[in-house]
Structure formats: C-alpha cells, structure tokens
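As provided, input.pdb (PDB, C-alpha atoms) reads as follows.
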```
ATOM      1  CA  MET A   1     106.457 113.056 101.217
ATOM      2  CA  GLY A   2     104.765 113.365 104.570
ATOM      3  CA  ILE A   3     101.091 113.772 105.304
ATOM      4  CA  SER A   4      99.990 116.843 107.245
ATOM      5  CA  SER A   5      97.333 116.870 109.941
ATOM      6  CA  ASN A   6      94.716 118.184 107.519
ATOM      7  CA  GLY A   7      95.148 115.117 105.309
ATOM      8  CA  VAL A   8      97.069 116.775 102.516
ATOM      9  CA  SER A   9     100.471 115.594 101.459
ATOM     10  CA  LYS A  10     103.261 117.946 102.364
ATOM     11  CA  ARG A  11     106.920 118.097 101.490
ATOM     12  CA  THR A  12     109.505 117.144 104.055
ATOM     13  CA  SER A  13     113.181 118.032 103.968
ATOM     14  CA  SER A  14     114.014 114.646 102.406
ATOM     15  CA  ASP A  15     111.525 115.117  99.545
ATOM     16  CA  PRO A  16     112.890 116.111  96.171
ATOM     17  CA  GLN A  17     112.012 119.607  94.989
ATOM     18  CA  THR A  18     112.498 118.882  91.303
ATOM     19  CA  GLY A  19     113.320 115.913  89.139
ATOM     20  CA  SER A  20     116.746 117.217  88.127
ATOM     21  CA  PRO A  21     118.715 115.614  91.018
ATOM     22  CA  LEU A  22     116.704 112.379  90.889
ATOM     23  CA  HIS A  23     119.371 110.506  88.949
ATOM     24  CA  LEU A  24     122.048 111.460  91.502
ATOM     25  CA  GLY A  25     120.500 109.789  94.526
ATOM     26  CA  TYR A  26     117.819 107.521  93.128
ATOM     27  CA  GLY A  27     117.437 104.359  95.142
ATOM     28  CA  ARG A  28     119.676 105.526  97.959
ATOM     29  CA  PHE A  29     116.972 104.814 100.535
ATOM     30  CA  LEU A  30     115.609 101.649  98.933
ATOM     31  CA  ARG A  31     116.465  98.156 100.043
ATOM     32  CA  THR A  32     118.118  96.708  96.944
ATOM     33  CA  LYS A  33     116.928  93.122  97.437
ATOM     34  CA  LEU A  34     113.323  94.293  97.748
ATOM     35  CA  ALA A  35     113.671  96.687  94.814
ATOM     36  CA  ALA A  36     114.937  93.833  92.649
ATOM     37  CA  ARG A  37     111.869  91.733  93.510
ATOM     38  CA  ASP A  38     109.159  94.417  93.470
ATOM     39  CA  PRO A  39     109.029  96.944  90.594
ATOM     40  CA  PHE A  40     106.378  99.043  92.346
ATOM     41  CA  TYR A  41     108.610  99.397  95.394
ATOM     42  CA  CYS A  42     111.535 100.187  93.099
ATOM     43  CA  LEU A  43     109.612 103.159  91.639
ATOM     44  CA  ASN A  44     108.531 104.466  95.041
ATOM     45  CA  GLU A  45     110.841 107.497  94.917
ATOM     46  CA  VAL A  46     109.502 108.450  91.477
ATOM     47  CA  PHE A  47     105.960 108.311  92.861
ATOM     48  CA  ALA A  48     107.003 110.527  95.783
ATOM     49  CA  LEU A  49     108.538 113.070  93.399
ATOM     50  CA  ALA A  50     105.420 113.049  91.222
ATOM     51  CA  ALA A  51     103.121 113.514  94.231
ATOM     52  CA  SER A  52     105.249 116.413  95.466
ATOM     53  CA  SER A  53     105.071 118.071  92.046
ATOM     54  CA  GLU A  54     101.323 117.514  91.844
ATOM     55  CA  LYS A  55     100.865 119.109  95.274
ATOM     56  CA  GLN A  56     102.855 122.151  94.135
ATOM     57  CA  LEU A  57     100.637 122.408  91.067
ATOM     58  CA  LEU A  58      97.502 122.338  93.218
ATOM     59  CA  ASN A  59      98.930 125.063  95.432
ATOM     60  CA  LEU A  60      99.623 127.192  92.352
ATOM     61  CA  ILE A  61      96.101 126.632  91.045
ATOM     62  CA  LYS A  62      94.679 127.611  94.446
ATOM     63  CA  THR A  63      96.674 130.846  94.336
ATOM     64  CA  LYS A  64      95.445 131.544  90.797
ATOM     65  CA  LEU A  65      91.856 130.896  91.894
ATOM     66  CA  GLU A  66      92.193 133.340  94.749
ATOM     67  CA  GLN A  67      93.737 135.937  92.436
ATOM     68  CA  ALA A  68      90.921 135.449  89.917
ATOM     69  CA  ILE A  69      88.356 136.319  92.552
ATOM     70  CA  LEU A  70      90.019 139.387  94.032
ATOM     71  CA  ASP A  71      93.140 141.284  93.164
ATOM     72  CA  HIS A  72      95.343 143.082  95.707
ATOM     73  CA  SER A  73      92.993 146.074  95.853
ATOM     74  CA  LYS A  74      90.099 143.735  96.739
ATOM     75  CA  SER A  75      88.185 144.598  93.580
ATOM     76  CA  PRO A  76      87.001 141.929  91.134
ATOM     77  CA  HIS A  77      89.162 141.225  88.102
ATOM     78  CA  ASP A  78      87.713 141.958  84.667
ATOM     79  CA  ASP A  79      88.534 138.481  83.389
ATOM     80  CA  GLY A  80      87.911 136.700  86.691
ATOM     81  CA  LEU A  81      84.904 134.704  85.515
ATOM     82  CA  GLU A  82      86.713 133.310  82.474
ATOM     83  CA  THR A  83      89.703 132.438  84.612
ATOM     84  CA  LEU A  84      87.483 130.707  87.178
ATOM     85  CA  ARG A  85      85.776 128.656  84.460
ATOM     86  CA  TYR A  86      89.117 127.661  82.961
ATOM     87  CA  LEU A  87      90.606 126.660  86.317
ATOM     88  CA  ASN A  88      87.449 124.781  87.291
ATOM     89  CA  ALA A  89      87.623 122.754  84.064
ATOM     90  CA  LEU A  90      91.339 122.189  84.647
ATOM     91  CA  LEU A  91      90.689 120.938  88.187
ATOM     92  CA  TYR A  92      87.908 118.656  86.957
ATOM     93  CA  ARG A  93      90.228 117.017  84.390
ATOM     94  CA  TYR A  94      93.050 116.900  86.926
ATOM     95  CA  ALA A  95      90.872 115.185  89.563
ATOM     96  CA  ARG A  96      89.673 112.629  86.980
ATOM     97  CA  ARG A  97      93.273 111.886  85.966
ATOM     98  CA  ILE A  98      94.352 111.408  89.594
ATOM     99  CA  LYS A  99      91.360 109.133  90.213
ATOM    100  CA  THR A 100      92.271 107.067  87.131
ATOM    101  CA  THR A 101      95.872 106.798  88.342
ATOM    102  CA  LEU A 102      94.659 105.747  91.784
ATOM    103  CA  SER A 103      92.465 103.057  90.193
ATOM    104  CA  SER A 104      95.469 101.796  88.231
ATOM    105  CA  VAL A 105      97.594 101.633  91.377
ATOM    106  CA  ASN A 106      94.807  99.814  93.220
ATOM    107  CA  SER A 107      94.332  97.324  90.391
ATOM    108  CA  SER A 108      98.077  96.651  90.241
ATOM    109  CA  ASN A 109      97.591  94.636  93.425
ATOM    110  CA  ASN A 110      95.946  92.002  91.219
ATOM    111  CA  SER A 111      98.477  92.207  88.395
ATOM    112  CA  LYS A 112     100.994  89.551  87.484
ATOM    113  CA  TRP A 113     103.880  91.890  88.251
ATOM    114  CA  PRO A 114     106.307  90.384  90.731
ATOM    115  CA  LYS A 115     105.705  91.470  94.314
ATOM    116  CA  ALA A 116     107.789  91.070  97.403
ATOM    117  CA  ASP A 117     105.509  90.012 100.217
ATOM    118  CA  GLU A 118     107.132  92.234 102.816
ATOM    119  CA  GLU A 119     105.768  94.857 105.175
ATOM    120  CA  LEU A 120     108.037  97.548 103.732
ATOM    121  CA  THR A 121     106.694  97.087 100.202
ATOM    122  CA  ARG A 122     103.093  97.064 101.470
ATOM    123  CA  ARG A 123     103.737 100.335 103.338
ATOM    124  CA  ALA A 124     105.314 101.884 100.226
ATOM    125  CA  ARG A 125     102.282 100.950  98.133
ATOM    126  CA  ALA A 126      99.881 102.199 100.821
ATOM    127  CA  LYS A 127     101.781 105.510 100.970
ATOM    128  CA  VAL A 128     101.434 106.014  97.215
ATOM    129  CA  GLU A 129      97.723 105.204  97.425
ATOM    130  CA  LEU A 130      97.306 107.617 100.350
ATOM    131  CA  ASP A 131      99.166 110.405  98.539
ATOM    132  CA  LEU A 132      97.008 109.942  95.435
ATOM    133  CA  THR A 133      93.829 109.884  97.524
ATOM    134  CA  HIS A 134      94.779 113.137  99.228
ATOM    135  CA  LEU A 135      95.686 114.755  95.917
ATOM    136  CA  TYR A 136      92.319 113.735  94.472
ATOM    137  CA  LYS A 137      90.422 115.062  97.494
ATOM    138  CA  HIS A 138      92.387 118.324  97.428
ATOM    139  CA  ALA A 139      91.736 118.884  93.707
ATOM    140  CA  ASP A 140      88.059 118.020  94.080
ATOM    141  CA  ALA A 141      87.680 120.308  97.110
ATOM    142  CA  LEU A 142      89.289 123.195  95.206
ATOM    143  CA  ARG A 143      87.015 122.603  92.239
ATOM    144  CA  ARG A 144      83.911 122.570  94.424
ATOM    145  CA  ARG A 145      84.999 125.573  96.504
ATOM    146  CA  TYR A 146      85.573 127.940  93.610
TER     147      TYR A 146
END
```

With the file now loaded, output its structure as structure tokens.
Amino acid sequence: MGISSNGVSKRTSSDPQTGSPLHLGYGRFLRTKLAARDPFYCLNEVFALAASSEKQLLNLIKTKLEQAILDHSKSPHDDGLETLRYLNALLYRYARRIKTTLSSVNSSNNSKWPKADEELTRRARAKVELDLTHLYKHADALRRRY
C-alpha cells in the first residue's frame, strides 16, 4: 500500500484487492530468512491487506456521509440526521479501535517476540505504523467533519 501526497494510504497495483487470493501469493515478496526470524515482518502482507480494506471502508463511509447530507436532487434526506448520528458513532468506535491497534503495534517493539535487526524489517514495521496512523487520522477527520 502506498501513501498519497495528502497523507492517506492508497492502493497501488501490487496491493491486494481482497483476501481471497492471499493464499496464492503470500510471502512471494518477503525475504524468507528474515520472515523466519521476525514474525511481524512475516505478517507484513496481511497488515497491508488489512490497511487496504480499512481504507476502502473509510471511503464507503465517506460516501454514505455525503449521501446522508444531500441526495442527488440536493434536498435533505428524511432520515439524514439518524444516519449521520449512526455513522459518527461508527467512526468514533472505528478510530478508537485503530488507535488501540496502533498502540499494540508500537508496544510490540518492546515485546519478547523475536526480531531481526535489519533495515528491511524496521521499514516494514514503520510502514504498518504509518498506515495505521493515516487510517486513524482519516477516520477522526471524517468524524469531526460530519
């Protein structure tokens, strides 16, 4: 998953669209010796798939928020306020969950899990942390905007 200029993760052509083909090519781009020594690095592709899915969910929620405010005829929806409240609560819970996940990833640096002390594994971990940070900021910005 790449990061766009506005700081939000975006899909690239090498990113998985869904989890269904994950088992077919999992680990193809991982260095096997590093993956054997660092479980976090080994799961890097799963984290990328999850971040891509989470980004798609946020995009869907943004669309639903926009639809709740105005329909195609530019008139307010009858149930728009209820929808906005529901989506706001959903985004609040979502942002809290992402923040908790980010805290877990950050605290895994101090865990007793085996770690390969290599630049590639540090970059993989930093990428996951960056993706989670951007997802949190995106969810929080949506919640505050609507």

Inset, instruction - Carefully work through the PyMOL selection byres ((chain A and resi 77-92) around 9) for this structure and note down the residues it includes, as a ChimeraX atom specification. - result: /A:58,61,64-65,67-71,75-76,93-97,139-140,142-144,146

Which residues match the PyMOL selection byres ((chain A and resi 48) around 9) in the file above, as a compact mmCIF listing (two decimals) with C-alpha atoms, in the coordinates of the input?
```
# COMPACT_ATOMS: atom_id res chain seq x y z
CA MET A 1 106.46 113.06 101.22
CA ASP A 15 111.52 115.12 99.54
CA PRO A 16 112.89 116.11 96.17
CA LEU A 43 109.61 103.16 91.64
CA ASN A 44 108.53 104.47 95.04
CA GLU A 45 110.84 107.50 94.92
CA VAL A 46 109.50 108.45 91.48
CA PHE A 47 105.96 108.31 92.86
CA LEU A 49 108.54 113.07 93.40
CA ALA A 50 105.42 113.05 91.22
CA ALA A 51 103.12 113.51 94.23
CA SER A 52 105.25 116.41 95.47
CA SER A 53 105.07 118.07 92.05
CA LYS A 127 101.78 105.51 100.97
CA VAL A 128 101.43 106.01 97.22
CA ASP A 131 99.17 110.40 98.54
```

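Put simply, atom CA of Lys62 of chain A is 13.0 Å away from atom CA of Leu135 of chain A.
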
Inset, instruction - Any chance you could resolve the PyMOL selection byres ((chain A and resi 37) around 8) against this file and give the residues as an NGL selection string? - result: :A and (33-36 or 38-39 or 114-116)

Legend entry - Coordinates-based distance that separates atom CA of Phe40 of chain A from atom CA of Ser111 of chain A (Å, one decimal):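 The value is 11.2 Å.
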
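Among the candidates A:Arg28, A:Arg145, A:Arg123, A:His138, the one nearest to Lys99 of chain A when counting all atoms listed in the file is A:His138.
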
Legend entry - Given all atoms listed in the file as the counted atoms, nearest of A:Tyr41, A:Gly27, A:Gln56, A:Lys137 to Glu118 of chain A: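 Ranked by minimum distance to Glu118 of chain A, first place goes to A:Tyr41.
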
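With all atoms listed in the file as the atoms that count, the minimum distance from Arg31 of chain A to the choices A:Thr121, A:Asn110, A:Thr133, A:Ser104 is reached by A:Thr121.
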
Inset, instruction - Enter the distance from atom CA of Leu30 of chain A to atom CA of Tyr136 of chain A, in Å, rounded to one decimal. - result: 26.6 Å

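Nearest residue to Leu102 of chain A among A:Leu130, A:Tyr26, A:Leu60, A:Ala141 is A:Leu130, counting all atoms listed in the file.
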
Starting from the sparse input, extend segment 48-70 of chain A to N, CA and C atoms and give the output as a PDB file, in the coordinates of the input.
```
ATOM      1  N   ALA A  48     106.916 109.455  94.795  1.00  0.00           N
ATOM      2  CA  ALA A  48     107.003 110.527  95.783  1.00  0.00           C
ATOM      3  C   ALA A  48     107.315 111.866  95.105  1.00  0.00           C
ATOM      4  N   LEU A  49     108.213 111.851  94.141  1.00  0.00           N
ATOM      5  CA  LEU A  49     108.538 113.070  93.399  1.00  0.00           C
ATOM      6  C   LEU A  49     107.315 113.570  92.635  1.00  0.00           C
ATOM      7  N   ALA A  50     106.614 112.665  91.984  1.00  0.00           N
ATOM      8  CA  ALA A  50     105.420 113.049  91.222  1.00  0.00           C
ATOM      9  C   ALA A  50     104.350 113.629  92.145  1.00  0.00           C
ATOM     10  N   ALA A  51     104.124 113.013  93.293  1.00  0.00           N
ATOM     11  CA  ALA A  51     103.121 113.514  94.231  1.00  0.00           C
ATOM     12  C   ALA A  51     103.498 114.893  94.752  1.00  0.00           C
ATOM     13  N   SER A  52     104.778 115.105  95.015  1.00  0.00           N
ATOM     14  CA  SER A  52     105.249 116.413  95.466  1.00  0.00           C
ATOM     15  C   SER A  52     105.012 117.476  94.397  1.00  0.00           C
ATOM     16  N   SER A  53     105.291 117.137  93.157  1.00  0.00           N
ATOM     17  CA  SER A  53     105.071 118.071  92.046  1.00  0.00           C
ATOM     18  C   SER A  53     103.591 118.365  91.864  1.00  0.00           C
ATOM     19  N   GLU A  54     102.769 117.338  91.985  1.00  0.00           N
ATOM     20  CA  GLU A  54     101.323 117.514  91.844  1.00  0.00           C
ATOM     21  C   GLU A  54     100.784 118.417  92.946  1.00  0.00           C
ATOM     22  N   LYS A  55     101.290 118.257  94.155  1.00  0.00           N
ATOM     23  CA  LYS A  55     100.865 119.109  95.274  1.00  0.00           C
ATOM     24  C   LYS A  55     101.241 120.559  95.010  1.00  0.00           C
ATOM     25  N   GLN A  56     102.441 120.787  94.476  1.00  0.00           N
ATOM     26  CA  GLN A  56     102.855 122.151  94.135  1.00  0.00           C
ATOM     27  C   GLN A  56     101.945 122.745  93.072  1.00  0.00           C
ATOM     28  N   LEU A  57     101.550 121.935  92.102  1.00  0.00           N
ATOM     29  CA  LEU A  57     100.637 122.408  91.067  1.00  0.00           C
ATOM     30  C   LEU A  57      99.296 122.808  91.677  1.00  0.00           C
ATOM     31  N   LEU A  58      98.770 121.995  92.571  1.00  0.00           N
ATOM     32  CA  LEU A  58      97.502 122.338  93.218  1.00  0.00           C
ATOM     33  C   LEU A  58      97.615 123.622  94.023  1.00  0.00           C
ATOM     34  N   ASN A  59      98.729 123.820  94.688  1.00  0.00           N
ATOM     35  CA  ASN A  59      98.930 125.063  95.432  1.00  0.00           C
ATOM     36  C   ASN A  59      98.957 126.269  94.492  1.00  0.00           C
ATOM     37  N   LEU A  60      99.591 126.117  93.342  1.00  0.00           N
ATOM     38  CA  LEU A  60      99.623 127.192  92.352  1.00  0.00           C
ATOM     39  C   LEU A  60      98.221 127.483  91.821  1.00  0.00           C
ATOM     40  N   ILE A  61      97.465 126.442  91.529  1.00  0.00           N
ATOM     41  CA  ILE A  61      96.101 126.632  91.045  1.00  0.00           C
ATOM     42  C   ILE A  61      95.254 127.329  92.109  1.00  0.00           C
ATOM     43  N   LYS A  62      95.428 126.954  93.362  1.00  0.00           N
ATOM     44  CA  LYS A  62      94.679 127.611  94.446  1.00  0.00           C
ATOM     45  C   LYS A  62      95.005 129.098  94.487  1.00  0.00           C
ATOM     46  N   THR A  63      96.269 129.439  94.354  1.00  0.00           N
ATOM     47  CA  THR A  63      96.674 130.846  94.336  1.00  0.00           C
ATOM     48  C   THR A  63      96.035 131.573  93.158  1.00  0.00           C
ATOM     49  N   LYS A  64      96.048 130.939  91.990  1.00  0.00           N
ATOM     50  CA  LYS A  64      95.445 131.544  90.797  1.00  0.00           C
ATOM     51  C   LYS A  64      93.937 131.722  90.977  1.00  0.00           C
ATOM     52  N   LEU A  65      93.286 130.763  91.622  1.00  0.00           N
ATOM     53  CA  LEU A  65      91.856 130.896  91.894  1.00  0.00           C
ATOM     54  C   LEU A  65      91.576 132.091  92.796  1.00  0.00           C
ATOM     55  N   GLU A  66      92.375 132.221  93.837  1.00  0.00           N
ATOM     56  CA  GLU A  66      92.193 133.340  94.749  1.00  0.00           C
ATOM     57  C   GLU A  66      92.447 134.671  94.047  1.00  0.00           C
ATOM     58  N   GLN A  67      93.447 134.713  93.189  1.00  0.00           N
ATOM     59  CA  GLN A  67      93.737 135.937  92.436  1.00  0.00           C
ATOM     60  C   GLN A  67      92.631 136.247  91.434  1.00  0.00           C
ATOM     61  N   ALA A  68      91.995 135.222  90.884  1.00  0.00           N
ATOM     62  CA  ALA A  68      90.921 135.449  89.917  1.00  0.00           C
ATOM     63  C   ALA A  68      89.699 136.064  90.578  1.00  0.00           C
ATOM     64  N   ILE A  69      89.525 135.789  91.850  1.00  0.00           N
ATOM     65  CA  ILE A  69      88.356 136.319  92.552  1.00  0.00           C
ATOM     66  C   ILE A  69      88.590 137.777  92.954  1.00  0.00           C
ATOM     67  N   LEU A  70      89.711 138.031  93.581  1.00  0.00           N
ATOM     68  CA  LEU A  70      90.019 139.387  94.032  1.00  0.00           C
ATOM     69  C   LEU A  70      91.477 139.703  93.767  1.00  0.00           C
TER      70      LEU A  70
END
```
